[in-house]
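S.K.: Data: query-v6.cif, mmCIF, C-alpha atoms and all ligand atoms.
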data_structure
loop_
_atom_site.group_PDB
_atom_site.id
_atom_site.type_symbol
_atom_site.label_atom_id
_atom_site.label_comp_id
_atom_site.auth_asym_id
_atom_site.auth_seq_id
_atom_site.Cartn_x
_atom_site.Cartn_y
_atom_site.Cartn_z
ATOM 1 C CA ALA A 1 20.674 9.450 -1.476
ATOM 2 C CA LYS A 2 21.115 5.725 -1.841
ATOM 3 C CA ARG A 3 18.268 3.966 -3.629
ATOM 4 C CA ILE A 4 16.132 1.588 -1.594
ATOM 5 C CA THR A 5 16.242 -1.959 -2.973
ATOM 6 C CA THR A 6 14.930 -5.294 -1.720
ATOM 7 C CA HIS A 7 18.449 -5.886 -0.350
ATOM 8 C CA VAL A 8 18.379 -2.630 1.615
ATOM 9 C CA LEU A 9 14.954 -3.585 3.028
ATOM 10 C CA GLN A 10 16.243 -7.025 4.014
ATOM 11 C CA LYS A 11 19.206 -5.410 5.777
ATOM 12 C CA MET A 12 16.841 -3.094 7.660
ATOM 13 C CA LYS A 13 15.116 -6.152 9.134
ATOM 14 C CA VAL A 14 18.453 -7.698 10.130
ATOM 15 C CA ASP A 15 19.616 -4.399 11.669
ATOM 16 C CA GLY A 16 16.292 -3.812 13.436
ATOM 17 C CA GLU A 17 15.670 -0.566 11.540
ATOM 18 C CA LYS A 18 11.915 -0.177 11.037
ATOM 19 C CA ILE A 19 10.677 0.260 7.460
ATOM 20 C CA SER A 20 8.403 3.239 6.681
ATOM 21 C CA MET A 21 5.800 2.881 3.935
ATOM 22 C CA LEU A 22 2.915 5.043 2.717
ATOM 23 C CA THR A 23 0.520 4.820 -0.180
ATOM 24 C CA ALA A 24 0.573 7.405 -2.969
ATOM 25 C CA TYR A 25 -1.323 7.610 -6.236
ATOM 26 C CA ASP A 26 -0.049 10.739 -7.963
ATOM 27 C CA PHE A 27 3.128 12.649 -8.854
ATOM 28 C CA SER A 28 2.872 15.561 -6.419
ATOM 29 C CA MET A 29 2.295 13.569 -3.226
ATOM 30 C CA ALA A 30 4.860 10.927 -4.204
ATOM 31 C CA LYS A 31 7.437 13.678 -4.644
ATOM 32 C CA ILE A 32 6.861 14.985 -1.108
ATOM 33 C CA PHE A 33 7.039 11.489 0.432
ATOM 34 C CA ASP A 34 10.214 10.614 -1.483
ATOM 35 C CA ASP A 35 11.877 13.943 -0.636
ATOM 36 C CA ALA A 36 10.948 13.393 3.043
ATOM 37 C CA GLY A 37 12.713 10.025 3.020
ATOM 38 C CA ILE A 38 9.968 7.381 2.965
ATOM 39 C CA ASP A 39 11.403 3.883 2.333
ATOM 40 C CA ILE A 40 8.548 2.403 0.278
ATOM 41 C CA ILE A 41 5.647 3.922 -1.642
ATOM 42 C CA LEU A 42 2.745 1.588 -2.293
ATOM 43 C CA VAL A 43 0.530 2.437 -5.227
ATOM 44 C CA GLY A 44 -2.335 0.662 -3.510
ATOM 45 C CA ASP A 45 -5.587 -0.454 -5.028
ATOM 46 C CA SER A 46 -7.010 1.664 -2.183
ATOM 47 C CA ALA A 47 -6.930 4.221 -5.024
ATOM 48 C CA SER A 48 -10.301 2.664 -5.831
ATOM 49 C CA ASN A 49 -11.618 4.081 -2.528
ATOM 50 C CA VAL A 50 -9.675 7.281 -1.896
ATOM 51 C CA MET A 51 -9.103 8.472 -5.455
ATOM 52 C CA ALA A 52 -12.121 7.107 -7.349
ATOM 53 C CA GLY A 53 -14.712 7.028 -4.563
ATOM 54 C CA HIS A 54 -15.725 3.384 -4.862
ATOM 55 C CA GLU A 55 -16.903 1.549 -1.762
ATOM 56 C CA THR A 56 -14.464 -1.334 -2.270
ATOM 57 C CA THR A 57 -11.152 -1.982 -4.025
ATOM 58 C CA LEU A 58 -12.762 -4.367 -6.519
ATOM 59 C CA PRO A 59 -13.689 -1.983 -9.377
ATOM 60 C CA ILE A 60 -10.241 -0.489 -10.083
ATOM 61 C CA THR A 61 -8.700 -1.754 -13.325
ATOM 62 C CA LEU A 62 -5.156 -2.681 -14.311
ATOM 63 C CA ASP A 63 -5.070 0.296 -16.711
ATOM 64 C CA GLN A 64 -6.077 2.642 -13.897
ATOM 65 C CA MET A 65 -3.411 1.190 -11.578
ATOM 66 C CA ILE A 66 -0.857 1.698 -14.350
ATOM 67 C CA TYR A 67 -1.902 5.356 -14.704
ATOM 68 C CA HIS A 68 -1.453 5.961 -10.959
ATOM 69 C CA ALA A 69 1.827 4.042 -10.797
ATOM 70 C CA SER A 70 3.432 5.787 -13.756
ATOM 71 C CA SER A 71 2.535 9.167 -12.205
ATOM 72 C CA VAL A 72 4.183 8.134 -8.915
ATOM 73 C CA ILE A 73 7.310 6.759 -10.581
ATOM 74 C CA ARG A 74 8.016 10.054 -12.367
ATOM 75 C CA ALA A 75 8.374 11.729 -8.951
ATOM 76 C CA ILE A 76 10.710 9.426 -7.076
ATOM 77 C CA LYS A 77 14.493 9.387 -6.724
ATOM 78 C CA ARG A 78 15.135 7.148 -3.728
ATOM 79 C CA CYS A 79 12.247 5.049 -2.451
ATOM 80 C CA PHE A 80 11.131 1.569 -3.547
ATOM 81 C CA VAL A 81 7.792 1.599 -5.395
ATOM 82 C CA VAL A 82 5.381 -1.332 -5.155
ATOM 83 C CA VAL A 83 2.136 -1.560 -7.140
ATOM 84 C CA ASP A 84 -0.935 -3.623 -6.219
ATOM 85 C CA LEU A 85 -2.188 -6.165 -8.737
ATOM 86 C CA PRO A 86 -5.888 -5.222 -8.820
ATOM 87 C CA PHE A 87 -8.801 -7.622 -8.389
ATOM 88 C CA GLY A 88 -9.382 -9.663 -11.529
ATOM 89 C CA SER A 89 -5.877 -9.215 -12.927
ATOM 90 C CA TYR A 90 -4.314 -12.363 -11.425
ATOM 91 C CA GLN A 91 -6.897 -14.790 -10.028
ATOM 92 C CA GLY A 92 -7.594 -16.521 -13.359
ATOM 93 C CA ASN A 93 -4.283 -18.352 -13.622
ATOM 94 C CA SER A 94 -0.563 -17.809 -13.129
ATOM 95 C CA LYS A 95 -0.078 -16.840 -16.767
ATOM 96 C CA GLU A 96 -2.604 -14.031 -16.435
ATOM 97 C CA ALA A 97 -0.949 -12.975 -13.164
ATOM 98 C CA LEU A 98 2.451 -12.848 -14.844
ATOM 99 C CA SER A 99 1.221 -10.812 -17.799
ATOM 100 C CA SER A 100 -0.447 -8.313 -15.435
ATOM 101 C CA ALA A 101 2.781 -8.012 -13.433
ATOM 102 C CA ILE A 102 4.801 -7.547 -16.615
ATOM 103 C CA ARG A 103 2.459 -4.810 -17.839
ATOM 104 C CA ILE A 104 2.944 -2.947 -14.556
ATOM 105 C CA MET A 105 6.743 -3.273 -14.664
ATOM 106 C CA LYS A 106 7.030 -2.344 -18.360
ATOM 107 C CA GLU A 107 4.477 0.454 -18.537
ATOM 108 C CA THR A 108 5.203 2.183 -15.196
ATOM 109 C CA GLY A 109 8.834 1.564 -14.260
ATOM 110 C CA ALA A 110 7.796 0.353 -10.786
ATOM 111 C CA HIS A 111 10.147 -1.837 -8.753
ATOM 112 C CA GLY A 112 7.797 -4.604 -7.660
ATOM 113 C CA ILE A 113 4.206 -5.730 -7.258
ATOM 114 C CA LYS A 114 1.955 -6.703 -4.328
ATOM 115 C CA ILE A 115 -0.614 -9.465 -4.472
ATOM 116 C CA GLU A 116 -3.251 -10.547 -1.925
ATOM 117 C CA GLY A 117 -3.421 -14.097 -0.622
ATOM 118 C CA GLY A 118 -1.345 -17.140 0.341
ATOM 119 C CA GLU A 119 -1.521 -20.757 -0.742
ATOM 120 C CA GLU A 120 -4.323 -20.127 -3.270
ATOM 121 C CA ILE A 121 -2.143 -17.783 -5.362
ATOM 122 C CA ILE A 122 1.285 -19.342 -4.741
ATOM 123 C CA GLU A 123 1.749 -20.546 -8.340
ATOM 124 C CA SER A 124 1.236 -16.998 -9.583
ATOM 125 C CA VAL A 125 3.687 -15.642 -7.011
ATOM 126 C CA LYS A 126 6.341 -18.148 -8.122
ATOM 127 C CA ARG A 127 5.808 -17.418 -11.784
ATOM 128 C CA ILE A 128 6.066 -13.651 -11.324
ATOM 129 C CA ILE A 129 9.207 -13.993 -9.202
ATOM 130 C CA SER A 130 10.785 -16.344 -11.745
ATOM 131 C CA ALA A 131 10.387 -13.547 -14.295
ATOM 132 C CA GLY A 132 12.569 -11.368 -12.054
ATOM 133 C CA VAL A 133 9.794 -9.244 -10.572
ATOM 134 C CA PRO A 134 9.983 -8.641 -6.795
ATOM 135 C CA VAL A 135 6.725 -9.659 -5.090
ATOM 136 C CA MET A 136 5.306 -8.406 -1.793
ATOM 137 C CA GLY A 137 2.683 -10.642 -0.162
ATOM 138 C CA HIS A 138 -0.445 -9.427 1.663
ATOM 139 C CA LEU A 139 -2.176 -11.533 4.343
ATOM 140 C CA GLY A 140 -4.744 -11.018 7.088
ATOM 141 C CA LEU A 141 -7.476 -8.615 6.032
ATOM 142 C CA THR A 142 -7.289 -8.729 2.244
ATOM 143 C CA PRO A 143 -9.803 -6.140 0.998
ATOM 144 C CA GLN A 144 -10.267 -7.750 -2.425
ATOM 145 C CA SER A 145 -11.981 -10.636 -0.558
ATOM 146 C CA ILE A 146 -14.339 -8.369 1.384
ATOM 147 C CA TYR A 147 -17.447 -10.124 0.090
ATOM 148 C CA LYS A 148 -16.079 -13.448 1.360
ATOM 149 C CA PHE A 149 -15.288 -11.994 4.816
ATOM 150 C CA GLY A 150 -18.434 -9.857 5.021
ATOM 151 C CA THR A 151 -16.806 -7.229 7.276
ATOM 152 C CA TYR A 152 -13.602 -5.216 7.728
ATOM 153 C CA ALA A 153 -13.222 -6.595 11.287
ATOM 154 C CA VAL A 154 -9.915 -7.850 12.727
ATOM 155 C CA ARG A 155 -8.815 -11.126 11.049
ATOM 156 C CA ALA A 156 -7.237 -14.315 12.378
ATOM 157 C CA THR A 157 -8.481 -14.031 15.942
ATOM 158 C CA GLU A 158 -9.349 -17.762 15.820
ATOM 159 C CA GLU A 159 -6.741 -20.522 16.016
ATOM 160 C CA ALA A 160 -7.432 -22.086 12.596
ATOM 161 C CA GLU A 161 -7.159 -18.824 10.657
ATOM 162 C CA ALA A 162 -4.048 -17.824 12.639
ATOM 163 C CA LYS A 163 -2.381 -21.154 11.800
ATOM 164 C CA LYS A 164 -3.195 -20.780 8.105
ATOM 165 C CA LEU A 165 -1.828 -17.234 8.141
ATOM 166 C CA ILE A 166 1.521 -18.375 9.584
ATOM 167 C CA ALA A 167 1.681 -21.236 7.063
ATOM 168 C CA ASP A 168 0.862 -18.822 4.218
ATOM 169 C CA ALA A 169 3.615 -16.424 5.334
ATOM 170 C CA LYS A 170 6.134 -19.279 5.237
ATOM 171 C CA LEU A 171 4.880 -20.343 1.789
ATOM 172 C CA LEU A 172 5.256 -16.791 0.467
ATOM 173 C CA GLN A 173 8.782 -16.627 1.866
ATOM 174 C CA GLU A 174 9.686 -19.981 0.266
ATOM 175 C CA ALA A 175 8.240 -18.794 -3.042
ATOM 176 C CA GLY A 176 10.674 -15.865 -2.873
ATOM 177 C CA CYS A 177 8.599 -12.865 -1.731
ATOM 178 C CA PHE A 178 10.813 -10.010 -0.503
ATOM 179 C CA ALA A 179 8.312 -8.801 2.134
ATOM 180 C CA ILE A 180 4.760 -9.343 3.377
ATOM 181 C CA VAL A 181 2.069 -6.874 4.445
ATOM 182 C CA LEU A 182 -0.079 -8.019 7.382
ATOM 183 C CA GLU A 183 -3.356 -6.141 7.670
ATOM 184 C CA LYS A 184 -5.564 -5.877 10.767
ATOM 185 C CA ILE A 185 -4.581 -8.926 12.816
ATOM 186 C CA PRO A 186 -3.682 -9.288 16.518
ATOM 187 C CA ALA A 187 -0.256 -7.841 17.424
ATOM 188 C CA THR A 188 0.883 -11.094 19.037
ATOM 189 C CA LEU A 189 0.117 -13.080 15.869
ATOM 190 C CA ALA A 190 1.964 -10.515 13.732
ATOM 191 C CA LYS A 191 4.940 -10.871 16.109
ATOM 192 C CA GLU A 192 4.880 -14.635 15.644
ATOM 193 C CA VAL A 193 4.932 -14.208 11.860
ATOM 194 C CA ALA A 194 7.762 -11.630 11.970
ATOM 195 C CA GLU A 195 9.824 -14.090 14.027
ATOM 196 C CA ALA A 196 8.928 -17.115 11.879
ATOM 197 C CA VAL A 197 10.218 -15.624 8.608
ATOM 198 C CA HIS A 198 13.419 -13.777 7.728
ATOM 199 C CA ILE A 199 11.804 -11.386 5.216
ATOM 200 C CA PRO A 200 10.439 -8.007 6.386
ATOM 201 C CA ILE A 201 6.872 -7.968 7.728
ATOM 202 C CA ILE A 202 5.097 -4.643 7.271
ATOM 203 C CA GLY A 203 1.985 -4.056 9.323
ATOM 204 C CA ILE A 204 -1.169 -1.982 9.058
ATOM 205 C CA GLY A 205 -3.241 -2.469 12.174
ATOM 206 C CA ALA A 206 -0.876 -5.326 13.067
ATOM 207 C CA GLY A 207 0.845 -3.777 16.083
ATOM 208 C CA LYS A 208 4.370 -2.843 17.040
ATOM 209 C CA TYR A 209 6.250 -6.153 16.837
ATOM 210 C CA VAL A 210 6.720 -6.125 13.064
ATOM 211 C CA ASP A 211 9.499 -4.812 10.820
ATOM 212 C CA GLY A 212 7.716 -1.792 9.380
ATOM 213 C CA GLN A 213 4.468 0.143 9.142
ATOM 214 C CA VAL A 214 2.230 1.231 6.272
ATOM 215 C CA LEU A 215 -0.711 3.644 6.258
ATOM 216 C CA VAL A 216 -2.981 4.955 3.524
ATOM 217 C CA MET A 217 -1.922 8.580 2.899
ATOM 218 C CA HIS A 218 -5.459 9.989 3.035
ATOM 219 C CA ASP A 219 -5.933 8.392 6.468
ATOM 220 C CA MET A 220 -2.633 9.526 8.027
ATOM 221 C CA LEU A 221 -3.081 13.054 6.661
ATOM 222 C CA GLY A 222 -6.660 13.274 7.926
ATOM 223 C CA ILE A 223 -8.207 13.849 4.505
ATOM 224 C CA ASN A 224 -10.815 11.194 5.328
ATOM 225 C CA LYS A 225 -12.991 12.674 8.045
ATOM 226 C CA GLU A 226 -15.103 9.621 8.857
ATOM 227 C CA PHE A 227 -12.507 6.795 8.826
ATOM 228 C CA LYS A 228 -11.178 6.399 12.377
ATOM 229 C CA PRO A 229 -10.086 2.813 13.081
ATOM 230 C CA ARG A 230 -8.116 2.230 16.297
ATOM 231 C CA PHE A 231 -4.889 1.463 14.412
ATOM 232 C CA LEU A 232 -4.802 4.824 12.651
ATOM 233 C CA ARG A 233 -2.613 7.678 13.878
ATOM 234 C CA ARG A 234 -3.442 10.970 12.186
ATOM 235 C CA TYR A 235 -0.554 13.363 11.594
ATOM 236 C CA LEU A 236 -2.645 16.178 10.108
ATOM 237 C CA ASP A 237 -6.276 17.208 9.977
ATOM 238 C CA LEU A 238 -6.183 18.089 6.296
ATOM 239 C CA TYR A 239 -9.931 17.844 5.872
ATOM 240 C CA THR A 240 -10.386 20.781 8.247
ATOM 241 C CA GLU A 241 -7.411 22.677 6.800
ATOM 242 C CA ILE A 242 -8.609 22.332 3.209
ATOM 243 C CA TYR A 243 -12.240 23.029 4.168
ATOM 244 C CA GLY A 244 -11.129 26.256 5.861
ATOM 245 C CA ALA A 245 -8.916 27.298 2.956
ATOM 246 C CA THR A 246 -11.768 26.656 0.511
ATOM 247 C CA GLN A 247 -14.164 28.795 2.551
ATOM 248 C CA ALA A 248 -11.578 31.587 2.810
ATOM 249 C CA TYR A 249 -11.083 31.509 -0.978
ATOM 250 C CA ILE A 250 -14.827 31.578 -1.648
ATOM 251 C CA LYS A 251 -15.213 34.540 0.682
ATOM 252 C CA ASP A 252 -12.322 36.436 -0.959
ATOM 253 C CA VAL A 253 -13.803 35.900 -4.419
ATOM 254 C CA LYS A 254 -17.334 36.890 -3.375
ATOM 255 C CA THR A 255 -16.145 40.011 -1.516
ATOM 256 C CA LYS A 256 -13.852 40.968 -4.430
ATOM 257 C CA ASP A 257 -10.864 40.842 -2.039
ATOM 258 C CA PHE A 258 -9.167 38.428 -4.487
ATOM 259 C CA PRO A 259 -7.445 39.284 -6.723
ATOM 260 C CA ASN A 260 -5.988 42.552 -5.464
ATOM 261 C CA ASP A 261 -3.856 45.078 -7.377
ATOM 262 C CA ASN A 262 -0.657 43.047 -6.868
ATOM 263 C CA GLU A 263 -2.302 39.858 -8.064
ATOM 264 C CA GLN A 264 -3.133 41.039 -11.580
ATOM 265 C CA TYR A 265 -1.245 41.982 -14.769
HETATM 266 O O1 LIG A 301 -4.168 -0.675 -1.143
HETATM 267 C C1 LIG A 301 -3.644 -0.370 -0.049
HETATM 268 O O2 LIG A 301 -3.630 0.795 0.390
HETATM 269 C C2 LIG A 301 -3.020 -1.446 0.727
HETATM 270 C C3 LIG A 301 -2.481 -1.106 2.070
HETATM 271 C C4 LIG A 301 -3.580 -0.923 3.048
HETATM 272 C C5 LIG A 301 -1.483 -2.105 2.549
HETATM 273 O O3 LIG A 301 -2.973 -2.562 0.273
HETATM 274 NA NA NA A 302 -4.235 -2.911 -1.542
#
Represent the structure of the file as structure tokens.
Ligand code: KIV
Ligand code: NA
M.R.:
Amino acid sequence: AKRITTHVLQKMKVDGEKISMLTAYDFSMAKIFDDAGIDIILVGDSASNVMAGHETTLPITLDQMIYHASSVIRAIKRCFVVVDLPFGSYQGNSKEALSSAIRIMKETGAHGIKIEGGEEIIESVKRIISAGVPVMGHLGLTPQSIYKFGTYAVRATEEAEAKKLIADAKLLQEAGCFAIVLEKIPATLAKEVAEAVHIPIIGIGAGKYVDGQVLVMHDMLGINKEFKPRFLRRYLDLYTEIYGATQAYIKDVKTKDFPNDNEQY
């Protein structure tokens, strides 16, 4: 199959073909997603939550992101792989941002990086892009700023924040970003952004009028039992499936049903 590149993604927007994106953090899941034909895998810093069990995305380190990303990269043949720059690896200055991006590209073999924010990080975005590294923006609900926001509620419902978001999207496009993720904002605002820029806009909780969709794999597979935001569609109830399988295994071991004569040497 033809490899997905930033050019292919750009053409999808022009052709009106929606872009499919999921997060992955390890080899085995990435292999399934790539085999199934996903367009983009995001090695998200949501690994901090779903893999490491932290309450926020802030604690995950650049080294840990590199471990996840290099595992994912070994599995893929076709899709485009983007890696989040974690909290604390780019906010200091654009030089620090560039060296973090370079570490990810060199040590993992990923195809691009994602970075949260607009105007406040634009120098870093430009510097990373000038080094030849594709950059995906991320606006709206940016989880690394959770302690500034105070909640995970829908963002940019007020005029001023909506205006800044549109301006930020244009800035990111001018800086050379190949795509932007919009998280948890009104669908009509996301539509406005998707029409205001020519680069693909990929939504999570941003409605149907954008150029693609992304979900966290644990959410869409139903591994997280408690997390049920309105924007989430669950394609499996893996929590229940795995819980049941675990109980069946325990029972088989306890009752000496497993292993049987055919399952031993
Ligand atoms: O880390 C992540 O999973 C993300 C997506 C929610 C876009 O940034
Ligand atoms: Na993220």
S.K.: Can I get the residues close to ligand LIG 301 (chain A) as a PyMOL selection string, where close means within 6 Å and we count all atoms listed in the file?
M.R.: chain A and resi 23+44-46+216
S.K.: Can you tell me how far atom CA of A:Gln91 sits from atom CA of A:Ala156, in Å to one decimal?
M.R.: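 That distance, rounded to one decimal, is 22.4 Å.
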S.K.: Grab me every residue within 8 Å of ligand NA 302 (chain A), counting all atoms listed in the file, and send it over as number ranges by chain.
M.R.: A: 44-46, 57, 84, 86, 114, 116, 142-144
S.K.: Please write as a list in words the full residue list that the PyMOL selection byres (((chain A and resi 37) around 12) and not hetatm) yields on this file.
M.R.: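 Taken over the shown coordinates, the PyMOL selection byres (((chain A and resi 37) around 12) and not hetatm) returns Ala1, Lys2, Arg3, Ile4, Ile19, Ser20, Met21, Leu22, Ala30, Lys31, Ile32, Phe33, Asp34, Asp35, Ala36, Ile38, Asp39, Ile40, Ile41, Ile76, Lys77, Arg78, Cys79 and Phe80 of chain A.
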S.K.: Given the choices A:Ala97, A:Val210, A:Ile146, A:Met105, which gets closest to A:Leu58 if the distance is worked out from only C-alpha atoms?
M.R.: A:Ile146
S.K.: I'd like the residues picked by the PyMOL selection byres (((chain A and resi 233-240) around 8) and not hetatm) written out as an MDAnalysis selection string, using the chain letters and numbers from the file.
M.R.: chainID A and resid 219:225 231:232 241:244
S.K.: Expressed in Å to a single decimal, how great is the separation between atom CA of A:Thr246 and atom CA of A:Pro259?
M.R.: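 A separation of 15.2 Å between them.
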S.K.: For A:Gly212, list every protein, DNA or RNA residue within 9 Å, evaluated using all atoms listed in the file, and leave out those in the same chain fewer than 5 positions away; present the list as a list in words.
M.R.: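 The residues that qualify are Lys13, Glu17, Lys18, Ile19, Ser20, Met21, Pro200, Ile201, Ile202, Gly203 and Ile204 of chain A.
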S.K.: Please measure the separation of atom CA of A:Glu159 and atom CA of A:His138, giving the value in Å to one decimal.
M.R.: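 Between atom CA of A:Glu159 and atom CA of A:His138 the gap works out to 19.2 Å.
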S.K.: Under the rule that all atoms listed in the file are counted, which of A:Lys106, A:Leu42, A:Val72, A:Tyr147 is the nearest residue to A:Glu55?
M.R.: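 Residue with the minimum atom-to-atom distance to A:Glu55: A:Tyr147.
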S.K.: Where atoms are missing, can you supply N, CA and C atoms for stretch 83-95 of chain A and output the lot as a compact mmCIF listing (two decimals), in the frame of the given file?
M.R.:
# COMPACT_ATOMS: atom_id res chain seq x y z
N VAL A 83 3.47 -1.80 -6.57
CA VAL A 83 2.14 -1.56 -7.14
C VAL A 83 1.24 -2.78 -6.90
N ASP A 84 0.02 -2.53 -6.42
CA ASP A 84 -0.94 -3.62 -6.22
C ASP A 84 -1.41 -4.20 -7.55
N LEU A 85 -1.45 -5.53 -7.63
CA LEU A 85 -2.19 -6.16 -8.74
C LEU A 85 -3.67 -6.06 -8.36
N PRO A 86 -4.48 -5.40 -9.19
CA PRO A 86 -5.89 -5.22 -8.82
C PRO A 86 -6.71 -6.50 -8.98
N PHE A 87 -7.85 -6.50 -8.32
CA PHE A 87 -8.80 -7.62 -8.39
C PHE A 87 -9.11 -7.94 -9.85
N GLY A 88 -9.04 -9.23 -10.18
CA GLY A 88 -9.38 -9.66 -11.53
C GLY A 88 -8.21 -9.70 -12.49
N SER A 89 -7.02 -9.25 -12.01
CA SER A 89 -5.88 -9.22 -12.93
C SER A 89 -4.91 -10.37 -12.69
N TYR A 90 -5.24 -11.25 -11.71
CA TYR A 90 -4.31 -12.36 -11.42
C TYR A 90 -4.99 -13.65 -10.98
N GLN A 91 -6.27 -13.60 -10.61
CA GLN A 91 -6.90 -14.79 -10.03
C GLN A 91 -7.17 -15.89 -11.04
N GLY A 92 -7.25 -15.54 -12.32
CA GLY A 92 -7.59 -16.52 -13.36
C GLY A 92 -6.61 -17.66 -13.42
N ASN A 93 -5.35 -17.35 -13.61
CA ASN A 93 -4.28 -18.35 -13.62
C ASN A 93 -2.94 -17.63 -13.54
N SER A 94 -1.87 -18.42 -13.37
CA SER A 94 -0.56 -17.81 -13.13
C SER A 94 -0.04 -17.09 -14.37
N LYS A 95 -0.50 -17.51 -15.54
CA LYS A 95 -0.08 -16.84 -16.77
C LYS A 95 -0.67 -15.43 -16.85
